[in-house]
Amino acid sequence: MKAGDVLHLTRAASVQFIKPIMFRLIKERTDLHTYHGWVWLDGYELNERGDAVARRELFVIRDGVRVMNPPPTPQPRTRKHQAHAEMRSQDGSMRTPRS
């Protein structure tokens, strides 16, 4: 595993992944000592579009980690999403478009 790899984490990696996640690796934490076969990973949990949604540090079984090759590419936002984002005012409330 190397920085930038996208990992698929399931229960095979750890019981915490009842619902599997995609994870973009920043680094493997070699400074932390663990049980044989286990590793600490530092990176970002990805949503279904491939966007980072949360920074996480995870303790997993190395043999249960699946490296995705090639990693999924983030999907561009559609005009609908962009228009929706533009309708938010600075305080976070929704504005209605003018006709």
# chains A, B, ... in the order shown; residues from 1 in each chain; ligands from 1

$ residues_around --residues "Gly64 of chain A" --least-positions-apart "6" --cutoff "12 Å" --atoms "only C-alpha atoms" --output "ChimeraX atom specification"
/A:7-15,17,20,37-39

$ residues_around --residues "Ala3 of chain A" --least-positions-apart "3" --cutoff "6 Å" --atoms "only C-alpha atoms" --output "list in words"
Leu25, Ile26 and Lys27 of chain A

$ write_last_selection --atoms "N, CA, C and O atoms" --output "mmCIF file, in the first residue's frame"
data_model
loop_
_atom_site.group_PDB
_atom_site.id
_atom_site.type_symbol
_atom_site.label_atom_id
_atom_site.label_comp_id
_atom_site.auth_asym_id
_atom_site.auth_seq_id
_atom_site.Cartn_x
_atom_site.Cartn_y
_atom_site.Cartn_z
ATOM 1 N N LEU A 25 -5.723 6.436 1.050
ATOM 2 C CA LEU A 25 -4.615 6.356 1.991
ATOM 3 C C LEU A 25 -3.691 7.567 1.889
ATOM 4 O O LEU A 25 -3.269 7.941 0.788
ATOM 5 N N ILE A 26 -3.413 8.179 3.036
ATOM 6 C CA ILE A 26 -2.380 9.212 3.122
ATOM 7 C C ILE A 26 -1.068 8.531 3.467
ATOM 8 O O ILE A 26 -0.059 8.717 2.800
ATOM 9 N N LYS A 27 -1.101 7.715 4.538
ATOM 10 C CA LYS A 27 0.108 6.984 4.927
ATOM 11 C C LYS A 27 -0.240 5.849 5.873
ATOM 12 O O LYS A 27 -1.285 5.846 6.530
#

$ residues_around --residues "Arg29 of chain A" --least-positions-apart "6" --cutoff "7 Å" --atoms "only C-alpha atoms" --output "list in words"
Trp40, Leu41 and Asp42 of chain A

$ atom_distance --atom1 "atom CA of His33 of chain A" --atom2 "atom CA of Leu46 of chain A"
26.3 Å

$ atom_distance --atom1 "atom CA of Phe59 of chain A" --atom2 "atom CA of Thr30 of chain A"
11.9 Å
